[in-house]
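What follows is a single structure, written as structure tokens, with notes after it.
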Amino acid sequence: MARSTALRRVGLVVLGVNLLLALAKGGVWYVTGSLAVGSEAVNSLADTVYSVVIVAGLYLTTRPPDFEHPHGHERIEPFVGLFVALGIFAAGGAVIWQALTAVLAGPSPTTSSPAAVGVLALAAVTKYLLYRYCLTVGEDHRSPALVATALDNRNDILTALAALGGVVGAALGFPLLDPIAAALVGFGILYTGVEVVRDNLDYLVGAAPPEDLRAEIVRRALSHPDVEGAHDVIAHYVGPEIDVSLHIEVEGDRTLLEAHDIETAVITSIQELPEVDDVFVHIDPKEAGEWKPDEEVDRLADHGPGPDGGP
């Protein structure tokens with residue numbers, strides 16, 4: 001399935017499921033008055049709102065390259081992830097404020113019912129399925145927006161279980177557990193926002209990719225029989241994709257055509273890595289005196305086989 005189709009489909013699925021959960025939790029909260037269920041309803045409502053943003057953002061990021069954006073629109077995705085984080089922080093703060101207000105007001109009668117238990121149990125199971133779905137598609141297609149959504153769904157599992165504990169505790173005669181569970185839900189929401197910000201900032205500030213991937217890039221460059229060494233290897237995120245630049249060292253008696261073929265082979269090999277977008281290679285002939293030791297390259301070359309086994 002094409003990347004654009006897969007990402008848009010996941011966005012619509014997440015939007016539909018979050019809307020149904022928000023309606024179900026809101027209805028149960030209206031009937032039971034449970035703060036824990038109410039906080040979960042707020043959480044699902046926030047999920048629904050940012051799901052709309054995700055659907056719109058994924059539509060923009062999956063548009064084909066054009067004259068003004070020759071590399072495509074994928075670099076929009078980290079900004080979509082940060083927008084998601086803002087919504088998460090707002091929802092978490094609102095839930096915590098509501099829980100603290102309830103605790104300060106003192107215990108109040110709480111109505112519990114099988115409906116409250118059932119909707120929270122259903123939410124936990126549904127969120128687990130969404131977590132696995134979003135994470136699988138997000139990792140397969142290198143989508144930071146979907147990975148951020150997966151993290152939110154993962155934490156929603158825990159918050160739903162916390163809310164479930166509050167409802168059960170209130171039913172057993174411990175009404176204070178209901179707002180306490182709501183507060184735990186709120187802190188879980190805030191933690192999700194922190195994770196989303198951290199991950200997407202790496203894409204925006206051009207952080208280096210994981211060491212296993214950097215090692216695989218070095219090994220692929222050095223695997224060419226005419227490459228004697230490499231130095232100044234730089235790999236960094238440009239949006240969710242990776243750009244690579246490096247110097248390779250070759251003997252100076254190669255013809256211009258042979259040097260061109262070596263450069264092309266190294267570029268092609270590195271670009272076969274699905275995470276990599278552009279590769280820039282500079283050839284240093286031995287006679288130019290630009291060969292130099294590079295401890296980082298040596299360390300990465302000895303790092304061991306990469307995730308795909310390496311060449």
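Every chain in the structure tokens has a letter given in the order shown (A, B, ...), and although residue numbers restart at 1 in each chain, ligands are simply numbered from 1 in the order shown.
Secondary structure by DSSP on the backbone puts the following residues of region 27-240 of chain A in strand (DSSP E): Gly229, Ala230, His231, Asp232, Val233, Ile234, Ala235, His236, Tyr237 and Val238 of chain A.
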Residue selection dump (N, CA, C and O atoms) as a PDB file, in the first residue's frame:
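The result, stored in part16.pdb:
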```pdb
ATOM      1  N   GLY A 229      38.758   4.281   2.889  1.00  0.00           N
ATOM      2  CA  GLY A 229      38.398   4.836   4.185  1.00  0.00           C
ATOM      3  C   GLY A 229      37.326   5.889   4.034  1.00  0.00           C
ATOM      4  O   GLY A 229      36.903   6.227   2.916  1.00  0.00           O
ATOM      5  N   ALA A 230      36.875   6.428   5.155  1.00  0.00           N
ATOM      6  CA  ALA A 230      35.849   7.474   5.150  1.00  0.00           C
ATOM      7  C   ALA A 230      36.076   8.378   6.347  1.00  0.00           C
ATOM      8  O   ALA A 230      36.650   7.976   7.361  1.00  0.00           O
ATOM      9  N   HIS A 231      35.636   9.607   6.227  1.00  0.00           N
ATOM     10  CA  HIS A 231      35.697  10.533   7.353  1.00  0.00           C
ATOM     11  C   HIS A 231      34.616  11.602   7.185  1.00  0.00           C
ATOM     12  O   HIS A 231      33.970  11.701   6.145  1.00  0.00           O
ATOM     13  N   ASP A 232      34.443  12.372   8.269  1.00  0.00           N
ATOM     14  CA  ASP A 232      33.434  13.444   8.283  1.00  0.00           C
ATOM     15  C   ASP A 232      32.067  12.928   7.830  1.00  0.00           C
ATOM     16  O   ASP A 232      31.387  13.528   6.983  1.00  0.00           O
ATOM     17  N   VAL A 233      31.651  11.810   8.423  1.00  0.00           N
ATOM     18  CA  VAL A 233      30.339  11.241   8.109  1.00  0.00           C
ATOM     19  C   VAL A 233      29.287  11.928   8.986  1.00  0.00           C
ATOM     20  O   VAL A 233      29.368  11.885  10.215  1.00  0.00           O
ATOM     21  N   ILE A 234      28.344  12.577   8.360  1.00  0.00           N
ATOM     22  CA  ILE A 234      27.290  13.295   9.089  1.00  0.00           C
ATOM     23  C   ILE A 234      25.933  12.774   8.609  1.00  0.00           C
ATOM     24  O   ILE A 234      25.633  12.797   7.413  1.00  0.00           O
ATOM     25  N   ALA A 235      25.134  12.301   9.551  1.00  0.00           N
ATOM     26  CA  ALA A 235      23.762  11.878   9.267  1.00  0.00           C
ATOM     27  C   ALA A 235      22.847  12.618  10.239  1.00  0.00           C
ATOM     28  O   ALA A 235      23.112  12.652  11.442  1.00  0.00           O
ATOM     29  N   HIS A 236      21.787  13.225   9.727  1.00  0.00           N
ATOM     30  CA  HIS A 236      20.892  13.984  10.592  1.00  0.00           C
ATOM     31  C   HIS A 236      19.488  13.990   9.996  1.00  0.00           C
ATOM     32  O   HIS A 236      19.293  13.823   8.794  1.00  0.00           O
ATOM     33  N   TYR A 237      18.516  14.179  10.893  1.00  0.00           N
ATOM     34  CA  TYR A 237      17.127  14.226  10.461  1.00  0.00           C
ATOM     35  C   TYR A 237      16.821  15.554   9.778  1.00  0.00           C
ATOM     36  O   TYR A 237      17.217  16.620  10.241  1.00  0.00           O
ATOM     37  N   VAL A 238      16.105  15.467   8.668  1.00  0.00           N
ATOM     38  CA  VAL A 238      15.496  16.612   8.011  1.00  0.00           C
ATOM     39  C   VAL A 238      14.017  16.258   7.913  1.00  0.00           C
ATOM     40  O   VAL A 238      13.577  15.577   6.989  1.00  0.00           O
TER      41      VAL A 238
END
```
Fewer than 6 positions away in the same chain doesn't count, so skip those; otherwise give me all residues within 12 Å of Thr264 (chain A), counting only C-alpha atoms, as a PyMOL selection string.
-> chain A and resi 221+224+248+257-258+270-271+279-283
Restrict the selected residues to N, CA and C atoms and save them as a tab-separated table (two decimals), in the first residue's frame.
```tsv
chain	number	residue	atom	x	y	z
A	221	ALA	N	29.32	2.39	3.16
A	221	ALA	CA	30.31	3.19	2.44
A	221	ALA	C	31.64	2.43	2.33
A	224	HIS	N	32.48	-0.89	-0.28
A	224	HIS	CA	32.90	-0.82	-1.70
A	224	HIS	C	34.38	-1.16	-1.79
A	248	ILE	N	34.72	10.01	1.14
A	248	ILE	CA	35.30	8.68	0.98
A	248	ILE	C	36.70	8.83	0.37
A	257	LEU	N	35.77	8.78	-14.76
A	257	LEU	CA	34.61	7.90	-14.90
A	257	LEU	C	34.58	6.87	-13.78
A	258	GLU	N	35.74	6.30	-13.43
A	258	GLU	CA	35.79	5.31	-12.35
A	258	GLU	C	35.41	5.95	-11.02
A	270	ILE	N	23.73	3.42	0.19
A	270	ILE	CA	23.21	4.08	1.40
A	270	ILE	C	21.75	4.45	1.23
A	271	GLN	N	21.36	4.88	0.03
A	271	GLN	CA	19.97	5.27	-0.20
A	271	GLN	C	19.01	4.09	-0.19
A	279	VAL	N	21.83	11.68	-0.14
A	279	VAL	CA	23.19	11.31	0.23
A	279	VAL	C	24.16	12.15	-0.60
A	280	PHE	N	25.09	12.78	0.06
A	280	PHE	CA	26.09	13.61	-0.60
A	280	PHE	C	27.48	13.04	-0.32
A	281	VAL	N	28.20	12.67	-1.36
A	281	VAL	CA	29.51	12.02	-1.22
A	281	VAL	C	30.58	12.89	-1.86
A	282	HIS	N	31.66	13.12	-1.12
A	282	HIS	CA	32.83	13.84	-1.66
A	282	HIS	C	33.99	12.85	-1.72
A	283	ILE	N	34.64	12.77	-2.87
A	283	ILE	CA	35.75	11.84	-3.06
A	283	ILE	C	37.07	12.56	-2.78
```
Which residues, written as an NGL selection string, have at least one atom at most 9 Å from Ala99 (chain A), with only C-alpha atoms counted and residues fewer than 5 positions away on the same chain left out?
-> :A and (35-36 or 39 or 94 or 104 or 178-183 or 186)
Export N, CA, C and O atoms of the chosen residues as a compact mmCIF listing (two decimals), in the first residue's frame?
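Now in part06.txt:
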```txt
# COMPACT_ATOMS: atom_id res chain seq x y z
N LEU A 35 -16.18 11.26 38.16
CA LEU A 35 -15.13 12.15 37.69
C LEU A 35 -14.11 11.40 36.85
O LEU A 35 -13.55 11.94 35.89
N ALA A 36 -13.84 10.16 37.23
CA ALA A 36 -12.86 9.38 36.48
C ALA A 36 -13.35 9.15 35.05
O ALA A 36 -12.59 9.31 34.09
N SER A 39 -13.23 12.50 33.23
CA SER A 39 -11.89 12.87 32.78
C SER A 39 -11.50 12.08 31.54
O SER A 39 -10.84 12.60 30.64
N ALA A 94 -6.63 20.43 32.26
CA ALA A 94 -8.05 20.56 32.61
C ALA A 94 -8.50 19.42 33.52
O ALA A 94 -9.23 19.63 34.49
N LEU A 104 -10.52 19.04 47.06
CA LEU A 104 -10.63 20.13 48.03
C LEU A 104 -12.06 20.32 48.50
O LEU A 104 -12.30 20.76 49.65
N ASP A 178 -12.02 8.17 43.32
CA ASP A 178 -12.50 8.64 42.01
C ASP A 178 -11.73 9.89 41.54
O ASP A 178 -11.15 9.88 40.46
N PRO A 179 -11.64 10.98 42.34
CA PRO A 179 -10.84 12.12 41.88
C PRO A 179 -9.34 11.83 41.83
O PRO A 179 -8.63 12.41 41.00
N ILE A 180 -8.87 10.94 42.72
CA ILE A 180 -7.46 10.57 42.66
C ILE A 180 -7.15 9.89 41.32
O ILE A 180 -6.14 10.17 40.67
N ALA A 181 -8.03 8.98 40.92
CA ALA A 181 -7.85 8.32 39.63
C ALA A 181 -7.92 9.33 38.50
O ALA A 181 -7.15 9.25 37.52
N ALA A 182 -8.81 10.32 38.63
CA ALA A 182 -8.90 11.36 37.60
C ALA A 182 -7.59 12.14 37.50
O ALA A 182 -7.12 12.47 36.41
N ALA A 183 -6.96 12.43 38.67
CA ALA A 183 -5.68 13.14 38.65
C ALA A 183 -4.60 12.30 37.98
O ALA A 183 -3.77 12.83 37.23
N GLY A 186 -4.91 12.65 34.41
CA GLY A 186 -4.38 13.92 33.94
C GLY A 186 -2.87 13.92 33.82
O GLY A 186 -2.31 14.40 32.82
```
Using only C-alpha atoms, which of the listed residues (A:Ile88, A:Leu146, A:Val42, A:Ile76) sits closest to Ala6 (chain A)?
-> A:Leu146
Check region 119-296 of chain A with DSSP on the backbone and list each residue it calls helix (DSSP H, G or I), as a PyMOL selection string.
-> chain A and resi 119-140+144-171+177-204+211-222+256-271+286-288+295-296
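Between CA of Leu273 (chain A) and CA of Arg220 (chain A) there is a distance of 9.9 Å.
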Leaving out Val117 (chain A) and any residue of its chain fewer than 6 positions from it, which residues lie within 10 Å of it when counting only C-alpha atoms, given as a PyMOL selection string?
-> chain A and resi 28+37+123+161+163-168
Please produce a file of the residues just selected, as a compact mmCIF listing (two decimals), in the first residue's frame, where the atoms kept are C-alpha atoms.
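The resulting file, selection35.txt, is shown below:
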```txt
# COMPACT_ATOMS: atom_id res chain seq x y z
CA VAL A 28 -21.80 7.23 30.90
CA VAL A 37 -15.18 8.60 33.56
CA ALA A 123 -11.66 1.89 26.13
CA LEU A 161 -7.19 1.44 33.79
CA ALA A 163 -10.04 5.51 35.86
CA LEU A 164 -11.43 1.99 36.11
CA GLY A 165 -9.70 1.60 39.48
CA GLY A 166 -11.29 4.83 40.65
CA VAL A 167 -14.77 3.73 39.64
CA VAL A 168 -14.39 0.35 41.33
```
What separation in Å, quoted to one decimal, exists between CA of His260 (chain A) and CA of Leu300 (chain A)?
->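 Answer for the CA of His260 (chain A) to CA of Leu300 (chain A) separation: 25.5 Å.
CA of Val119 (chain A) to CA of Gly92 (chain A) spans 20.1 Å [interatomic distance, one decimal].
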Neighbours of Ala208 (chain A) within 12 Å (only C-alpha atoms; same-chain residues fewer than 2 positions away dropped), as a PyMOL selection string?
-> chain A and resi 201-206+210-215+233-244
Would you mind listing what lies within 9 Å of region 46-60 of chain A as a compact mmCIF listing (two decimals) with C-alpha atoms, in the first residue's frame, with only C-alpha atoms counted and same-chain residues fewer than 6 positions away left out?
```txt
# COMPACT_ATOMS: atom_id res chain seq x y z
CA SER A 4 -0.04 8.32 1.45
CA LEU A 7 -1.29 7.19 6.55
CA ARG A 8 -4.58 8.77 5.55
CA ARG A 9 -6.47 5.55 6.30
CA VAL A 10 -4.98 5.31 9.79
CA GLY A 11 -5.84 8.94 10.47
CA LEU A 12 -9.49 8.37 9.57
CA VAL A 14 -8.24 6.97 14.70
CA LEU A 15 -10.63 9.89 14.25
CA GLY A 16 -13.66 7.61 14.05
CA VAL A 17 -12.71 5.48 17.05
CA ASN A 18 -11.88 8.48 19.26
CA LEU A 19 -15.19 10.14 18.39
CA ALA A 22 -15.81 10.30 23.49
CA HIS A 73 5.93 17.80 2.17
CA GLU A 74 7.02 15.23 4.79
CA ILE A 76 5.39 19.21 7.94
CA GLU A 77 4.81 16.09 10.04
CA PHE A 79 4.83 20.31 13.35
CA VAL A 80 1.66 18.21 13.30
CA GLY A 81 3.11 16.19 16.18
CA PHE A 83 0.30 20.61 17.61
CA VAL A 84 -0.93 17.29 18.97
CA ALA A 85 1.24 17.86 22.06
CA GLY A 87 -3.81 19.66 22.73
CA ILE A 88 -2.58 16.92 25.03
CA ALA A 90 -4.44 21.40 27.55
CA ALA A 91 -6.51 18.28 28.19
CA ALA A 145 2.71 11.99 13.54
CA LEU A 146 1.44 8.40 13.70
CA THR A 149 -0.56 9.08 18.07
CA ASP A 152 -0.94 8.74 23.12
```
Neighbours of Thr126 (chain A) within 10 Å (only C-alpha atoms; same-chain residues fewer than 2 positions away dropped), as a list in words?
-> Val17, Asn18, Leu21, Leu120, Ala121, Leu122, Ala123, Ala124, Tyr128, Leu129, Leu130, Tyr131, Asn153, Asp156 and Ile157 of chain A
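Of the residues listed (A:Thr268, A:Asn200, A:Thr32, A:Ser223), A:Asn200 shows the shortest atom-to-atom separation from Ser143 (chain A); distances use only C-alpha atoms.
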Restricting the calculation to only C-alpha atoms, which member of A:Val95, A:Ser245, A:Glu139, A:Lys286 is positioned closest to Leu190 (chain A)?
->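 Closest to Leu190 (chain A) of all the choices is A:Val95.
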